[in-house]
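To start, the structure under review is shown below, and the notes come after it.
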Amino acid sequence: MLTGSSEAYWINENCDQNMQAYMCRRADFSTLSKICPTDAPMAGEDFYPPGFPNSNIPCAYMLFVAANKRVELEVITLVADINKDFLEILEGTSGAHLLANLTGTILTPAKFMTVTSNVLRVNWAPGGSGSGRGFRIRYNQVDA
């Protein structure tokens, strides 16, 4: 590319690893499912709601780790319509203990951890407008 009197080159930058607000390489989301998965996502791998980046499909995820461990969930990003789209984080299979009910935009990673259980339930509850993009999260097993 020529820019006036100086020569310059285009650079692709992975914004997930290097936070550069002025440049970004778009990820390919065409391979993501448009339905809720029947199996739990793999620990340590990022996952997204069905239909991402236009996620208006409700979905529940049950995240399991070893019996003597705890679940640590990292919300890497959340872009949801405020008070319309919600990401609920609940402890245990019944979800009796609410750890967080998130809405709006989160661009700085936030972590949540189970207190007594090795199971974490994550509910994506979009309001149906389709303007909330969804989330990018991952979980890991940690010592109790």
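Labels for the structure tokens follow display order: chains A, B, ..., residues from 1 in each chain, ligands from 1.
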
Contacts of Val119 of chain A at 12 Å or less, counting only C-alpha atoms, minus same-chain residues fewer than 4 places along, as an MDAnalysis selection string? chainID A and resid 40 61:73 89:97 113:115 139:142

Near Glu88 of chain A, within 10 Å and counting only C-alpha atoms, which residues show up once chain neighbours fewer than 4 positions away are dropped, as an mmCIF file with all heavy atoms, in the first residue's frame?
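around_23.cif, freshly written:
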```
data_model
loop_
_atom_site.group_PDB
_atom_site.id
_atom_site.type_symbol
_atom_site.label_atom_id
_atom_site.label_comp_id
_atom_site.auth_asym_id
_atom_site.auth_seq_id
_atom_site.Cartn_x
_atom_site.Cartn_y
_atom_site.Cartn_z
ATOM 1 N N ALA A 60 -28.216 -23.871 27.827
ATOM 2 C CA ALA A 60 -27.676 -24.170 29.158
ATOM 3 C C ALA A 60 -26.487 -25.104 29.005
ATOM 4 O O ALA A 60 -26.511 -26.027 28.190
ATOM 5 C CB ALA A 60 -28.740 -24.812 30.032
ATOM 6 N N GLY A 95 -28.518 -25.587 40.220
ATOM 7 C CA GLY A 95 -28.381 -24.142 40.092
ATOM 8 C C GLY A 95 -28.949 -23.383 41.267
ATOM 9 O O GLY A 95 -29.403 -22.252 41.134
ATOM 10 N N LEU A 98 -26.765 -18.883 42.977
ATOM 11 C CA LEU A 98 -26.430 -17.966 41.893
ATOM 12 C C LEU A 98 -25.099 -17.280 42.196
ATOM 13 O O LEU A 98 -24.967 -16.589 43.194
ATOM 14 C CB LEU A 98 -27.533 -16.915 41.719
ATOM 15 C CG LEU A 98 -27.321 -15.868 40.631
ATOM 16 C CD1 LEU A 98 -27.381 -16.502 39.248
ATOM 17 C CD2 LEU A 98 -28.370 -14.764 40.753
ATOM 18 N N LEU A 99 -24.111 -17.475 41.321
ATOM 19 C CA LEU A 99 -22.823 -16.804 41.481
ATOM 20 C C LEU A 99 -22.817 -15.449 40.792
ATOM 21 O O LEU A 99 -22.195 -14.514 41.262
ATOM 22 C CB LEU A 99 -21.692 -17.672 40.919
ATOM 23 C CG LEU A 99 -21.462 -19.022 41.601
ATOM 24 C CD1 LEU A 99 -20.369 -19.801 40.883
ATOM 25 C CD2 LEU A 99 -21.101 -18.825 43.063
ATOM 26 N N ALA A 100 -23.502 -15.356 39.642
ATOM 27 C CA ALA A 100 -23.557 -14.082 38.914
ATOM 28 C C ALA A 100 -24.694 -14.122 37.905
ATOM 29 O O ALA A 100 -25.030 -15.176 37.373
ATOM 30 C CB ALA A 100 -22.236 -13.807 38.203
ATOM 31 N N ASN A 101 -25.269 -12.960 37.654
ATOM 32 C CA ASN A 101 -26.281 -12.782 36.606
ATOM 33 C C ASN A 101 -25.820 -11.561 35.810
ATOM 34 O O ASN A 101 -26.042 -10.427 36.220
ATOM 35 C CB ASN A 101 -27.660 -12.576 37.208
ATOM 36 C CG ASN A 101 -28.744 -12.647 36.160
ATOM 37 O OD1 ASN A 101 -28.527 -13.110 35.050
ATOM 38 N ND2 ASN A 101 -29.932 -12.183 36.514
ATOM 39 N N LEU A 102 -25.160 -11.802 34.685
ATOM 40 C CA LEU A 102 -24.488 -10.751 33.931
ATOM 41 C C LEU A 102 -25.313 -10.276 32.750
ATOM 42 O O LEU A 102 -25.980 -11.073 32.086
ATOM 43 C CB LEU A 102 -23.135 -11.268 33.429
ATOM 44 C CG LEU A 102 -22.221 -11.887 34.494
ATOM 45 C CD1 LEU A 102 -20.995 -12.492 33.839
ATOM 46 C CD2 LEU A 102 -21.837 -10.862 35.533
ATOM 47 N N THR A 103 -25.238 -8.985 32.471
ATOM 48 C CA THR A 103 -25.882 -8.391 31.313
ATOM 49 C C THR A 103 -25.050 -7.182 30.895
ATOM 50 O O THR A 103 -24.225 -6.698 31.671
ATOM 51 C CB THR A 103 -27.348 -7.986 31.624
ATOM 52 O OG1 THR A 103 -28.004 -7.603 30.417
ATOM 53 C CG2 THR A 103 -27.428 -6.881 32.643
ATOM 54 N N ARG A 121 -23.261 -24.515 36.340
ATOM 55 C CA ARG A 121 -24.270 -24.401 35.290
ATOM 56 C C ARG A 121 -24.204 -22.982 34.741
ATOM 57 O O ARG A 121 -24.207 -22.007 35.492
ATOM 58 C CB ARG A 121 -25.654 -24.686 35.854
ATOM 59 C CG ARG A 121 -26.737 -24.605 34.829
ATOM 60 C CD ARG A 121 -28.096 -24.877 35.457
ATOM 61 N NE ARG A 121 -29.127 -24.666 34.472
ATOM 62 C CZ ARG A 121 -30.129 -25.490 34.264
ATOM 63 N NH1 ARG A 121 -30.260 -26.575 34.991
ATOM 64 N NH2 ARG A 121 -31.026 -25.223 33.345
ATOM 65 N N VAL A 122 -24.164 -22.857 33.409
ATOM 66 C CA VAL A 122 -24.136 -21.566 32.739
ATOM 67 C C VAL A 122 -25.360 -21.506 31.826
ATOM 68 O O VAL A 122 -25.540 -22.368 30.968
ATOM 69 C CB VAL A 122 -22.845 -21.383 31.912
ATOM 70 C CG1 VAL A 122 -22.877 -20.067 31.149
ATOM 71 C CG2 VAL A 122 -21.625 -21.461 32.806
ATOM 72 N N ASN A 123 -26.197 -20.503 32.028
ATOM 73 C CA ASN A 123 -27.389 -20.309 31.194
ATOM 74 C C ASN A 123 -27.231 -19.048 30.367
ATOM 75 O O ASN A 123 -26.975 -17.970 30.914
ATOM 76 C CB ASN A 123 -28.655 -20.161 32.052
ATOM 77 C CG ASN A 123 -28.997 -21.418 32.812
ATOM 78 O OD1 ASN A 123 -28.696 -22.521 32.387
ATOM 79 N ND2 ASN A 123 -29.619 -21.247 33.958
ATOM 80 N N TRP A 124 -27.407 -19.181 29.061
ATOM 81 C CA TRP A 124 -27.456 -18.013 28.177
ATOM 82 C C TRP A 124 -28.931 -17.772 27.897
ATOM 83 O O TRP A 124 -29.618 -18.630 27.341
ATOM 84 C CB TRP A 124 -26.678 -18.269 26.892
ATOM 85 C CG TRP A 124 -26.840 -17.224 25.842
ATOM 86 C CD1 TRP A 124 -27.315 -17.410 24.576
ATOM 87 C CD2 TRP A 124 -26.520 -15.818 25.934
ATOM 88 N NE1 TRP A 124 -27.306 -16.222 23.882
ATOM 89 C CE2 TRP A 124 -26.818 -15.222 24.694
ATOM 90 C CE3 TRP A 124 -26.015 -15.009 26.953
ATOM 91 C CZ2 TRP A 124 -26.625 -13.874 24.439
ATOM 92 C CZ3 TRP A 124 -25.830 -13.667 26.692
ATOM 93 C CH2 TRP A 124 -26.129 -13.108 25.460
ATOM 94 N N ALA A 125 -29.433 -16.618 28.327
ATOM 95 C CA ALA A 125 -30.851 -16.278 28.192
ATOM 96 C C ALA A 125 -30.989 -14.975 27.414
ATOM 97 O O ALA A 125 -31.102 -13.896 28.009
ATOM 98 C CB ALA A 125 -31.487 -16.171 29.574
#
```

Point-to-point distance from atom CA of Ser117 of chain A to atom CA of Pro37 of chain A, Å rounded to tenths: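 Rounded to one decimal, the two atoms are 22.5 Å apart.
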
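Distances to Pro49 of chain A were evaluated for A:Ile35, A:Ile76, A:Leu107, A:Ile82 using only C-alpha atoms, and the minimum falls at A:Ile35.
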
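Residues of segment 21-100 of chain A carrying a DSSP assignment of strand (DSSP E or B), computed from the backbone, are Phe47, Cys59, Ala60, Tyr61, Met62, Leu63, Phe64, Lys69, Arg70, Val71, Glu72, Leu73, Glu74, Val75, Ile76, Thr77, Leu78, Val79, Phe86, Leu87, Glu88, Ile89, Leu90, Glu91, His97, Leu98, Leu99 and Ala100 of chain A.
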